[in-house]
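Shown next: final-v9.tsv, given as TSV, C-alpha atoms.
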```tsv
chain	number	residue	atom	x	y	z
J	881	MET	CA	0.00	0.00	0.00
J	882	ARG	CA	2.71	2.39	1.02
J	883	ARG	CA	4.67	1.39	-2.05
J	884	ARG	CA	1.70	2.18	-4.27
J	885	LEU	CA	1.34	5.58	-2.64
J	886	THR	CA	4.99	6.49	-3.28
J	887	ARG	CA	4.58	5.41	-6.88
J	888	LEU	CA	1.50	7.59	-7.20
J	889	THR	CA	3.38	10.54	-5.71
J	890	GLY	CA	6.15	9.93	-8.22
J	891	VAL	CA	3.74	9.97	-11.14
J	892	LEU	CA	2.11	13.13	-9.83
J	893	LEU	CA	5.47	14.84	-9.41
J	894	ALA	CA	6.51	13.85	-12.93
J	895	ALA	CA	3.22	15.19	-14.30
J	896	LEU	CA	3.76	18.45	-12.40
J	897	LEU	CA	7.26	18.77	-13.87
J	898	VAL	CA	5.96	18.25	-17.41
J	899	VAL	CA	3.15	20.77	-16.91
J	900	GLY	CA	5.60	23.23	-15.35
J	901	ALA	CA	8.03	22.92	-18.27
J	902	ALA	CA	5.21	23.45	-20.76
J	903	ALA	CA	4.01	26.50	-18.83
J	904	THR	CA	7.45	28.16	-18.93
J	905	ALA	CA	7.77	27.39	-22.65
J	906	TYR	CA	4.52	29.24	-23.32
J	907	ALA	CA	5.65	32.09	-21.10
J	908	VAL	CA	8.61	32.70	-23.45
J	909	ASP	CA	6.71	32.28	-26.70
J	910	PRO	CA	2.96	32.95	-26.71
J	911	THR	CA	2.70	32.58	-30.52
J	912	GLN	CA	-0.38	30.61	-31.50
J	913	LEU	CA	-1.08	30.05	-35.19
J	914	SER	CA	-4.72	29.43	-36.10
J	915	ASP	CA	-3.88	26.44	-38.34
J	916	PRO	CA	-2.86	23.49	-36.06
J	917	LYS	CA	-0.66	22.01	-38.81
J	918	LEU	CA	1.27	25.29	-39.15
J	919	GLN	CA	1.47	25.55	-35.35
J	920	ALA	CA	3.03	22.06	-35.18
J	921	ARG	CA	5.60	22.96	-37.85
J	922	TYR	CA	6.26	26.28	-36.09
J	923	LEU	CA	6.96	24.50	-32.79
J	924	ALA	CA	9.17	21.90	-34.49
J	925	LEU	CA	11.20	24.57	-36.31
J	926	THR	CA	11.65	26.92	-33.35
J	927	HIS	CA	12.84	23.97	-31.25
J	928	GLU	CA	15.46	22.85	-33.77
J	929	LEU	CA	16.88	26.33	-34.50
J	930	ARG	CA	19.51	27.69	-32.15
J	931	CYS	CA	19.29	31.06	-30.43
J	932	MET	CA	22.54	32.64	-31.66
J	933	GLN	CA	22.87	34.80	-28.56
J	934	CYS	CA	22.40	32.15	-25.86
J	935	GLN	CA	23.72	29.34	-28.09
J	936	ASN	CA	22.61	26.42	-25.92
J	937	GLU	CA	18.95	27.38	-26.09
J	938	SER	CA	16.55	26.94	-28.95
J	939	LEU	CA	14.65	29.85	-30.47
J	940	ALA	CA	11.53	28.55	-28.75
J	941	ASP	CA	13.08	28.67	-25.25
J	942	SER	CA	15.08	31.88	-25.44
J	943	PRO	CA	13.73	35.13	-23.97
J	944	VAL	CA	16.18	37.44	-25.81
J	945	VAL	CA	14.97	39.97	-28.39
J	946	LEU	CA	16.86	38.44	-31.32
J	947	ALA	CA	15.18	35.06	-30.69
J	948	ALA	CA	11.77	36.78	-30.72
J	949	ASP	CA	12.68	38.48	-34.02
J	950	LEU	CA	13.78	35.17	-35.55
J	951	ARG	CA	10.61	33.43	-34.30
J	952	ALA	CA	8.61	36.18	-35.99
J	953	GLU	CA	10.57	35.48	-39.21
J	954	VAL	CA	9.74	31.76	-38.94
J	955	ARG	CA	6.06	32.57	-38.34
J	956	ASP	CA	5.87	35.00	-41.27
J	957	MET	CA	7.59	32.55	-43.61
J	958	LEU	CA	5.21	29.73	-42.56
J	959	LEU	CA	2.20	32.00	-43.16
J	960	ALA	CA	3.69	32.93	-46.55
J	961	GLY	CA	3.65	29.22	-47.48
J	962	LYS	CA	7.41	28.54	-47.28
J	963	SER	CA	8.54	24.95	-46.75
J	964	ASP	CA	10.54	23.84	-43.68
J	965	ASP	CA	13.64	23.40	-45.87
J	966	GLU	CA	13.26	26.91	-47.29
J	967	ILE	CA	13.05	28.33	-43.76
J	968	ARG	CA	16.13	26.36	-42.65
J	969	ALA	CA	18.00	27.55	-45.78
J	970	PHE	CA	17.05	31.17	-44.94
J	971	MET	CA	18.55	30.81	-41.46
J	972	VAL	CA	21.70	28.96	-42.63
J	973	ALA	CA	22.37	31.59	-45.35
J	974	ARG	CA	22.52	34.25	-42.61
J	975	TYR	CA	23.88	32.46	-39.55
J	976	GLY	CA	25.63	29.37	-40.94
J	977	ASP	CA	25.21	25.68	-40.10
J	978	PHE	CA	25.68	26.53	-36.43
J	979	ILE	CA	22.06	27.68	-36.16
J	980	LEU	CA	20.84	24.12	-36.81
J	981	PHE	CA	20.77	21.88	-33.74
J	982	ARG	CA	20.65	18.97	-36.21
J	983	PRO	CA	23.48	19.85	-38.61
J	984	ARG	CA	23.01	18.90	-42.26
J	985	PHE	CA	25.32	16.28	-43.73
J	986	ASN	CA	28.14	17.88	-45.72
J	987	ALA	CA	31.92	17.75	-45.95
J	988	ARG	CA	32.37	19.86	-42.81
J	989	THR	CA	29.80	18.08	-40.65
J	990	ALA	CA	30.47	14.53	-41.91
J	991	TRP	CA	32.60	13.62	-38.89
J	992	VAL	CA	29.82	14.65	-36.50
J	993	TRP	CA	27.48	12.16	-38.14
J	994	LEU	CA	29.99	9.39	-38.86
J	995	ALA	CA	32.04	9.42	-35.63
J	996	PRO	CA	29.44	7.53	-33.51
J	997	GLY	CA	29.17	4.76	-36.12
J	998	VAL	CA	32.94	4.49	-36.43
J	999	LEU	CA	33.33	4.35	-32.64
J	1000	LEU	CA	30.62	1.67	-32.41
J	1001	LEU	CA	32.44	-0.37	-35.08
J	1002	VAL	CA	35.77	-0.03	-33.23
J	1003	GLY	CA	34.07	-1.08	-29.98
J	1004	ALA	CA	32.47	-4.09	-31.68
J	1005	LEU	CA	35.82	-5.16	-33.15
J	1006	VAL	CA	37.54	-4.90	-29.74
J	1007	CYS	CA	34.67	-6.86	-28.21
J	1008	VAL	CA	34.90	-9.64	-30.81
J	1009	ARG	CA	38.67	-9.87	-30.37
J	1010	VAL	CA	38.48	-10.11	-26.58
J	1011	LEU	CA	35.71	-12.73	-26.74
J	1012	ARG	CA	37.66	-14.82	-29.28
J	1013	GLN	CA	40.81	-14.70	-27.12
J	1014	ARG	CA	38.84	-15.83	-24.09
J	1015	ALA	CA	37.19	-18.63	-26.05
J	1016	ALA	CA	40.64	-19.77	-27.21
J	1017	LEU	CA	41.87	-19.81	-23.58
J	1018	LEU	CA	38.98	-22.10	-22.58
J	1019	THR	CA	39.64	-24.72	-25.28
J	1020	ASP	CA	43.37	-24.76	-24.48
J	1021	ASP	CA	42.60	-25.62	-20.88
J	1022	SER	CA	42.17	-29.39	-21.01
J	1023	ASP	CA	41.91	-30.01	-17.23
J	1024	PRO	CA	38.38	-30.46	-15.87
J	1025	VAL	CA	37.28	-27.54	-13.73
J	1026	GLU	CA	36.04	-29.78	-10.84
J	1027	GLU	CA	39.51	-31.28	-10.32
J	1028	ASP	CA	41.05	-27.82	-10.14
J	1029	VAL	CA	38.77	-26.99	-7.25
J	1030	GLN	CA	39.52	-30.22	-5.37
J	1031	THR	CA	43.33	-29.96	-5.54
E	543	MET	CA	53.86	-5.29	-24.26
E	544	SER	CA	52.02	-5.04	-27.59
E	545	ARG	CA	48.64	-5.31	-25.84
E	546	PHE	CA	49.31	-1.87	-24.32
E	547	LEU	CA	50.39	-0.37	-27.63
E	548	LEU	CA	46.91	0.03	-29.16
E	549	PRO	CA	45.26	1.63	-26.09
E	550	LEU	CA	48.30	3.91	-25.80
E	551	ALA	CA	47.93	4.96	-29.45
E	552	VAL	CA	44.20	5.64	-28.91
E	553	PHE	CA	45.02	7.66	-25.80
E	554	ALA	CA	47.67	9.68	-27.69
E	555	LEU	CA	45.14	10.40	-30.44
E	556	LEU	CA	42.62	11.56	-27.84
E	557	VAL	CA	45.24	13.87	-26.29
E	558	VAL	CA	45.99	15.40	-29.71
E	559	VAL	CA	42.28	15.95	-30.45
E	560	LEU	CA	41.64	17.55	-27.05
E	561	ALA	CA	44.78	19.71	-27.31
E	562	ILE	CA	43.56	21.08	-30.65
E	563	GLY	CA	40.16	21.72	-29.07
E	564	ILE	CA	41.68	23.62	-26.14
E	565	ARG	CA	43.97	25.64	-28.37
E	566	HIS	CA	41.00	26.75	-30.47
E	567	ALA	CA	38.79	27.42	-27.46
E	568	PRO	CA	39.07	31.24	-27.63
E	569	GLU	CA	37.71	31.16	-31.20
E	570	LYS	CA	34.78	29.02	-30.11
E	571	ASP	CA	32.60	32.01	-29.26
E	572	ILE	CA	33.08	33.56	-32.67
E	573	ILE	CA	30.89	31.98	-35.27
E	574	ALA	CA	32.24	32.18	-38.82
E	575	SER	CA	29.91	34.27	-40.95
E	576	PRO	CA	28.54	32.54	-44.06
E	577	LEU	CA	28.38	36.05	-45.55
E	578	ILE	CA	32.14	36.30	-46.20
E	579	GLY	CA	32.82	36.25	-49.93
E	580	LYS	CA	29.15	36.92	-50.66
E	581	PRO	CA	27.39	40.16	-51.69
E	582	ALA	CA	26.46	42.45	-48.79
E	583	PRO	CA	22.72	42.15	-48.06
E	584	HIS	CA	20.62	44.97	-49.49
E	585	PHE	CA	18.76	47.38	-47.24
E	586	ALA	CA	16.89	50.67	-47.62
E	587	LEU	CA	16.30	52.24	-44.21
E	588	PRO	CA	15.67	55.70	-42.74
E	589	ASP	CA	18.67	57.95	-42.12
E	590	LEU	CA	19.22	58.64	-38.40
E	591	ALA	CA	20.16	62.27	-39.12
E	592	ASP	CA	17.05	62.82	-41.27
E	593	PRO	CA	14.39	60.05	-41.09
E	594	ALA	CA	12.68	61.45	-44.20
E	595	HIS	CA	15.80	60.51	-46.15
E	596	THR	CA	16.46	56.84	-47.04
E	597	VAL	CA	19.86	55.14	-46.83
E	598	ASP	CA	20.01	52.64	-49.69
E	599	SER	CA	22.88	50.16	-49.49
E	600	ARG	CA	23.16	50.22	-53.31
E	601	SER	CA	24.45	53.79	-53.09
E	602	LEU	CA	27.39	52.46	-51.02
E	603	THR	CA	28.92	50.21	-53.68
E	604	GLY	CA	31.92	51.39	-55.66
E	605	ARG	CA	34.17	51.96	-52.65
E	606	TRP	CA	35.39	50.27	-49.50
E	607	TYR	CA	33.33	50.79	-46.35
E	608	LEU	CA	33.01	49.45	-42.82
E	609	PHE	CA	29.50	48.45	-41.78
E	610	ASN	CA	29.17	48.78	-38.00
E	611	VAL	CA	26.14	47.44	-36.09
E	612	TRP	CA	25.53	49.24	-32.80
E	613	GLY	CA	22.92	50.52	-30.36
E	614	THR	CA	22.82	52.79	-27.32
E	615	TRP	CA	21.64	49.80	-25.22
E	616	CYS	CA	24.92	48.00	-26.03
E	617	PHE	CA	27.65	48.45	-23.39
E	618	GLU	CA	30.48	47.21	-25.57
E	619	CYS	CA	29.57	49.74	-28.27
E	620	ARG	CA	30.69	52.48	-25.90
E	621	ALA	CA	33.97	50.58	-25.40
E	622	GLU	CA	34.67	50.59	-29.15
E	623	HIS	CA	33.60	54.18	-29.74
E	624	ASP	CA	37.11	55.64	-29.41
E	625	THR	CA	38.36	53.18	-32.01
E	626	LEU	CA	35.53	54.20	-34.34
E	627	LEU	CA	36.60	57.84	-33.95
E	628	GLU	CA	40.17	56.77	-34.74
E	629	VAL	CA	38.91	55.03	-37.90
E	630	ARG	CA	37.04	58.20	-38.90
E	631	ASN	CA	40.09	60.38	-38.29
E	632	ALA	CA	42.27	58.06	-40.39
E	633	ALA	CA	39.86	58.86	-43.28
E	634	ILE	CA	40.76	55.68	-45.19
E	635	VAL	CA	37.52	53.68	-44.98
E	636	PRO	CA	34.18	55.40	-44.27
E	637	LEU	CA	32.02	53.99	-41.48
E	638	VAL	CA	28.40	53.17	-42.20
E	639	GLY	CA	26.38	52.59	-39.03
E	640	LEU	CA	23.35	50.40	-38.45
E	641	ASP	CA	21.49	51.55	-35.34
E	642	TRP	CA	19.95	48.23	-34.28
E	643	LYS	CA	16.59	48.20	-32.44
E	644	ASP	CA	17.24	51.52	-30.77
E	645	ASP	CA	15.53	54.77	-29.87
E	646	ASP	CA	16.30	57.47	-32.46
E	647	GLY	CA	16.46	60.27	-29.89
E	648	GLU	CA	18.85	58.37	-27.63
E	649	ALA	CA	21.01	57.41	-30.62
E	650	ARG	CA	21.27	61.05	-31.75
E	651	ALA	CA	22.11	62.13	-28.17
E	652	TRP	CA	24.80	59.39	-28.00
E	653	LEU	CA	26.47	60.65	-31.19
E	654	ALA	CA	26.21	64.28	-30.07
E	655	GLN	CA	27.83	63.44	-26.74
E	656	LEU	CA	30.55	60.96	-27.80
E	657	GLY	CA	31.22	62.29	-31.31
E	658	ASN	CA	29.85	60.93	-34.59
E	659	PRO	CA	32.28	58.56	-36.33
E	660	TYR	CA	29.79	57.60	-39.05
E	661	GLN	CA	29.41	58.95	-42.55
E	662	VAL	CA	25.81	57.83	-42.41
E	663	VAL	CA	23.68	55.81	-39.96
E	664	ALA	CA	20.74	53.66	-41.10
E	665	VAL	CA	18.03	52.97	-38.53
E	666	ASP	CA	16.82	49.37	-38.16
E	667	HIS	CA	13.83	49.41	-35.82
E	668	SER	CA	12.44	46.01	-36.80
E	669	GLY	CA	15.82	44.24	-36.70
E	670	ARG	CA	15.15	42.79	-40.15
E	671	ALA	CA	18.30	44.22	-41.77
E	672	ALA	CA	20.40	42.91	-38.86
E	673	ILE	CA	18.97	39.41	-39.45
E	674	ASP	CA	19.87	39.65	-43.15
E	675	TRP	CA	23.46	40.46	-42.13
E	676	GLY	CA	23.50	37.51	-39.72
E	677	VAL	CA	24.04	39.78	-36.73
E	678	TYR	CA	23.68	38.02	-33.38
E	679	GLY	CA	25.12	40.57	-30.96
E	680	ALA	CA	26.26	44.17	-31.19
E	681	PRO	CA	28.81	45.42	-31.88
E	682	GLU	CA	29.65	43.68	-35.13
E	683	THR	CA	31.73	45.16	-37.93
E	684	PHE	CA	31.87	44.10	-41.59
E	685	LEU	CA	34.40	45.20	-44.21
E	686	VAL	CA	32.81	45.52	-47.68
E	687	ASN	CA	34.83	45.96	-50.89
E	688	PRO	CA	33.95	48.24	-53.86
E	689	GLN	CA	32.22	45.32	-55.62
E	690	GLY	CA	29.86	45.11	-52.64
E	691	ILE	CA	31.35	41.80	-51.37
E	692	VAL	CA	31.78	41.21	-47.63
E	693	VAL	CA	35.47	40.40	-47.12
E	694	TYR	CA	35.79	40.39	-43.33
E	695	LYS	CA	33.67	40.34	-40.19
E	696	TYR	CA	34.63	41.15	-36.63
E	697	VAL	CA	32.39	40.31	-33.66
E	698	GLY	CA	32.86	42.35	-30.50
E	699	PRO	CA	34.18	45.83	-29.73
E	700	LEU	CA	36.59	47.08	-32.39
E	701	THR	CA	40.07	47.77	-31.02
E	702	HIS	CA	43.10	49.63	-32.35
E	703	GLU	CA	44.79	46.23	-32.88
E	704	VAL	CA	41.92	44.81	-34.95
E	705	TRP	CA	41.79	48.01	-37.01
E	706	THR	CA	45.52	48.05	-37.77
E	707	HIS	CA	46.19	44.29	-38.00
E	708	ASP	CA	43.02	42.79	-39.42
E	709	ILE	CA	41.16	45.52	-41.30
E	710	LEU	CA	43.74	47.93	-42.79
E	711	PRO	CA	45.90	45.19	-44.42
E	712	ARG	CA	42.78	44.03	-46.30
E	713	VAL	CA	42.26	47.45	-47.88
E	714	PRO	CA	44.59	47.83	-50.92
E	715	GLY	CA	46.92	50.84	-50.83
E	716	HIS	CA	47.00	50.87	-47.03
E	717	PRO	CA	48.90	47.75	-46.03
E	718	VAL	CA	50.44	49.27	-42.91
E	719	ALA	CA	49.41	52.44	-41.10
E	720	GLY	CA	51.68	52.62	-38.08
E	721	SER	CA	51.15	50.39	-35.07
```
Give the structure from the file, written as structure tokens.
Amino acid sequence: MRRRLTRLTGVLLAALLVVGAAATAYAVDPTQLSDPKLQARYLALTHELRCMQCQNESLADSPVVLAADLRAEVRDMLLAGKSDDEIRAFMVARYGDFILFRPRFNARTAWVWLAPGVLLLVGALVCVRVLRQRAALLTDDSDPVEEDVQT
Amino acid sequence: MSRFLLPLAVFALLVVVLAIGIRHAPEKDIIASPLIGKPAPHFALPDLADPAHTVDSRSLTGRWYLFNVWGTWCFECRAEHDTLLEVRNAAIVPLVGLDWKDDDGEARAWLAQLGNPYQVVAVDHSGRAAIDWGVYGAPETFLVNPQGIVVYKYVGPLTHEVWTHDILPRVPGHPVAGS
């Protein structure tokens, strides 16, 4: 019973945190587009574009004036019927690849995308080698394990 | 012995990568402008001295100029003001100002009090021109050549060193102007 109560409290606390986070997000950016599809694209775009002034915040979360100006640009371009790619291209032409939290794949950003795969491959190779060496050790050992323990 | 060689090599590689990262750390805050080598963005904005008059960036082509983004709300702009006056007094490259999201009256008072280093100041109330120039924090200074191409950008307060070491050598005919 007590356990169930603590779990319930946990769920409630988590819900409160989520609601709280959403509330602060709306406090920064009250923009509400009448078309729900445009609103969804607006939220997606402002969350994946970097605020150039605060740098670790997205446009959606940043309270600075420049972020508000850039959000207004995103909104106006959406209302003008621009595609997501056109809006991203507009931002990159002015602020460079740095404004994208998800950098596009090109010669300069290739290592960012490829490094995790390469590291995973290296790790897998090391793993296979270690396992093979251990397997080889076991077959070389001809003495039964039980006798080792008894002696 | 050889079983330590590979991890050691990996460790050495990691040290090299991190050392490069640390050495470049001071440049980390400065984001390379995608504008360099490209035509300066066009703008047509009111003149701070006479709002009825329009400053059109097309009228600026045909000669070198420094495009300086500032505002009276910007602390570091006050820090660079003496350097801007030095640039004006050198009379080699004219300064074109962009008063970014500012109050016209305060901007005029600022120039009257500290001295006006600008040949002309365009007023950007909406911040739209600043976005076109990829400005993310005042002060920022761009060097534009007679063909209207941006050749250099400096982020932060302009100093005597930046003016003499980074800007002047890029302007033909004025490779060195004292130290």
- Task: Determine the nearest neighbour of Asn936 of chain J from the options J:Lys962, J:Phe978, J:Phe970, J:Tyr922, counting all atoms listed in the file.
- Result: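 Closest candidate: J:Phe978.
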- Message: Which residues are close to Thr596 of chain E, i.e. within 10 Å by only C-alpha atoms, leaving aside same-chain residues fewer than 4 positions away? Reply as a PyMOL selection string.
- Response: chain E and resi 585-590+592+664-665
Could you list, with a cut-off of 12 Å and counting all atoms listed in the file, the residues of segment 901-1010 of chain J near segment 643-657 of chain E, each shown with its nearest atom pair and the distance in Å rounded to one decimal, rows sorted by chain and ascending number, as a Markdown table?
```
| residue | atom | partner | partner_atom | distance |
| --- | --- | --- | --- | --- |
| J:Val945 | CA | E:Lys643 | CA | 9.3 |
| J:Leu946 | CA | E:Lys643 | CA | 9.8 |
| J:Asp949 | CA | E:Lys643 | CA | 10.6 |
```
Selected residues, C-alpha atoms, written as a compact mmCIF listing (two decimals), keeping the file's coordinate frame, please.
```txt
# COMPACT_ATOMS: atom_id res chain seq x y z
CA VAL J 945 14.97 39.97 -28.39
CA LEU J 946 16.86 38.44 -31.32
CA ASP J 949 12.68 38.48 -34.02
```
Give as an mmCIF file with C-alpha atoms, keeping the file's coordinate frame every residue of chain E that touches chain J within 6 Å, counting only C-alpha atoms.
```cif
data_model
loop_
_atom_site.group_PDB
_atom_site.id
_atom_site.type_symbol
_atom_site.label_atom_id
_atom_site.label_comp_id
_atom_site.auth_asym_id
_atom_site.auth_seq_id
_atom_site.Cartn_x
_atom_site.Cartn_y
_atom_site.Cartn_z
ATOM 1 C CA PRO E 576 28.540 32.540 -44.060
ATOM 2 C CA GLY E 676 23.500 37.510 -39.720
ATOM 3 C CA TYR E 678 23.680 38.020 -33.380
#
```
- Compute the distance from (28.2, 59.6, -37.8) to each atom, counting only C-alpha atoms, keep the residues with any atom at most 10 Å away, and return them as JSON, numbers by chain; use the coordinates of the file. {"E": [590, 591, 626, 627, 630, 636, 637, 638, 639, 650, 653, 654, 657, 658, 659, 660, 661, 662, 663]}
- Pull the neighbourhood of (31.9, 48.0, -36.9) for me: all residues within 12 Å in file coordinates, counting only C-alpha atoms, as a PyMOL selection string. chain E and resi 607-613+618-627+629-630+635-641+659-660+663+677+679-686+694-701+704-705+709
- Nearest to Trp675 of chain E by atom-to-atom distance, counting all atoms listed in the file, from E:Ala551, E:Gln689, E:Phe546, E:Ser575: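 Distance minimum relative to Trp675 of chain E lands on E:Ser575.
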- Interatomic distance, atom CA of Val944 of chain J to atom CA of Ala672 of chain E (Å, one decimal): 14.8 Å
- Can you tell me, as JSON, numbers by chain, what residues are no more than 12 Å from Arg545 of chain E when counting only C-alpha atoms, ignoring any on the same chain fewer than 4 positions away? {"J": [1006, 1009, 1010], "E": [549, 550, 551]}
- Message: I'd like the interatomic distance between atom CA of Ile578 of chain E and atom CA of Ala632 of chain E, to a tenth of an Å.
- Response: 24.7 Å
- Task: Could you jot down the atom CA of His702 of chain E to atom CA of Ala567 of chain E separation for me, Å, one decimal place?
- Result: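 For atom CA of His702 of chain E relative to atom CA of Ala567 of chain E, the distance reads 23.1 Å.
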- Query: Pick from E:Pro688, E:Trp642, E:Gly579, E:Ile573: nearest to Ser668 of chain E, with only C-alpha atoms counted?
  - Reply: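 Among the listed residues, the smallest separation from Ser668 of chain E belongs to E:Trp642.
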With N, CA, C and O atoms as the target, complete segment 601-616 of chain E and hand it back as an mmCIF file, keeping the file's coordinate frame.
```cif
data_model
loop_
_atom_site.group_PDB
_atom_site.id
_atom_site.type_symbol
_atom_site.label_atom_id
_atom_site.label_comp_id
_atom_site.auth_asym_id
_atom_site.auth_seq_id
_atom_site.Cartn_x
_atom_site.Cartn_y
_atom_site.Cartn_z
ATOM 1 N N SER E 601 23.681 52.556 -52.877
ATOM 2 C CA SER E 601 24.450 53.790 -53.090
ATOM 3 C C SER E 601 25.844 53.687 -52.464
ATOM 4 O O SER E 601 26.668 54.572 -52.659
ATOM 5 N N LEU E 602 26.098 52.597 -51.705
ATOM 6 C CA LEU E 602 27.390 52.460 -51.020
ATOM 7 C C LEU E 602 28.423 51.734 -51.877
ATOM 8 O O LEU E 602 29.623 51.800 -51.605
ATOM 9 N N THR E 603 27.967 50.991 -52.896
ATOM 10 C CA THR E 603 28.920 50.210 -53.680
ATOM 11 C C THR E 603 29.813 51.137 -54.508
ATOM 12 O O THR E 603 29.470 52.284 -54.772
ATOM 13 N N GLY E 604 30.971 50.597 -54.887
ATOM 14 C CA GLY E 604 31.920 51.390 -55.660
ATOM 15 C C GLY E 604 33.092 51.860 -54.812
ATOM 16 O O GLY E 604 34.035 52.437 -55.326
ATOM 17 N N ARG E 605 33.024 51.609 -53.505
ATOM 18 C CA ARG E 605 34.170 51.960 -52.650
ATOM 19 C C ARG E 605 34.149 51.055 -51.406
ATOM 20 O O ARG E 605 33.159 50.399 -51.110
ATOM 21 N N TRP E 606 35.296 51.047 -50.730
ATOM 22 C CA TRP E 606 35.390 50.270 -49.500
ATOM 23 C C TRP E 606 34.595 50.971 -48.403
ATOM 24 O O TRP E 606 34.575 52.191 -48.340
ATOM 25 N N TYR E 607 33.926 50.196 -47.557
ATOM 26 C CA TYR E 607 33.330 50.790 -46.350
ATOM 27 C C TYR E 607 33.232 49.763 -45.227
ATOM 28 O O TYR E 607 33.271 48.554 -45.462
ATOM 29 N N LEU E 608 33.190 50.285 -44.010
ATOM 30 C CA LEU E 608 33.010 49.450 -42.820
ATOM 31 C C LEU E 608 31.562 49.591 -42.367
ATOM 32 O O LEU E 608 31.065 50.708 -42.204
ATOM 33 N N PHE E 609 30.901 48.461 -42.199
ATOM 34 C CA PHE E 609 29.500 48.450 -41.780
ATOM 35 C C PHE E 609 29.492 48.049 -40.301
ATOM 36 O O PHE E 609 29.878 46.945 -39.950
ATOM 37 N N ASN E 610 29.078 48.984 -39.451
ATOM 38 C CA ASN E 610 29.170 48.780 -38.000
ATOM 39 C C ASN E 610 27.770 48.735 -37.380
ATOM 40 O O ASN E 610 26.990 49.676 -37.502
ATOM 41 N N VAL E 611 27.453 47.614 -36.726
ATOM 42 C CA VAL E 611 26.140 47.440 -36.090
ATOM 43 C C VAL E 611 26.258 47.812 -34.617
ATOM 44 O O VAL E 611 27.114 47.273 -33.909
ATOM 45 N N TRP E 612 25.410 48.754 -34.176
ATOM 46 C CA TRP E 612 25.530 49.240 -32.800
ATOM 47 C C TRP E 612 24.149 49.631 -32.253
ATOM 48 O O TRP E 612 23.137 49.538 -32.935
ATOM 49 N N GLY E 613 24.137 50.044 -31.006
ATOM 50 C CA GLY E 613 22.920 50.520 -30.360
ATOM 51 C C GLY E 613 23.292 51.160 -29.042
ATOM 52 O O GLY E 613 24.322 50.816 -28.451
ATOM 53 N N THR E 614 22.478 52.106 -28.580
ATOM 54 C CA THR E 614 22.820 52.790 -27.320
ATOM 55 C C THR E 614 22.639 51.870 -26.121
ATOM 56 O O THR E 614 23.171 52.126 -25.053
ATOM 57 N N TRP E 615 21.881 50.768 -26.304
ATOM 58 C CA TRP E 615 21.640 49.800 -25.220
ATOM 59 C C TRP E 615 22.825 48.849 -25.063
ATOM 60 O O TRP E 615 22.846 48.008 -24.167
ATOM 61 N N CYS E 616 23.822 48.980 -25.966
ATOM 62 C CA CYS E 616 24.920 48.000 -26.030
ATOM 63 C C CYS E 616 26.149 48.572 -25.336
ATOM 64 O O CYS E 616 26.726 49.562 -25.780
#
```
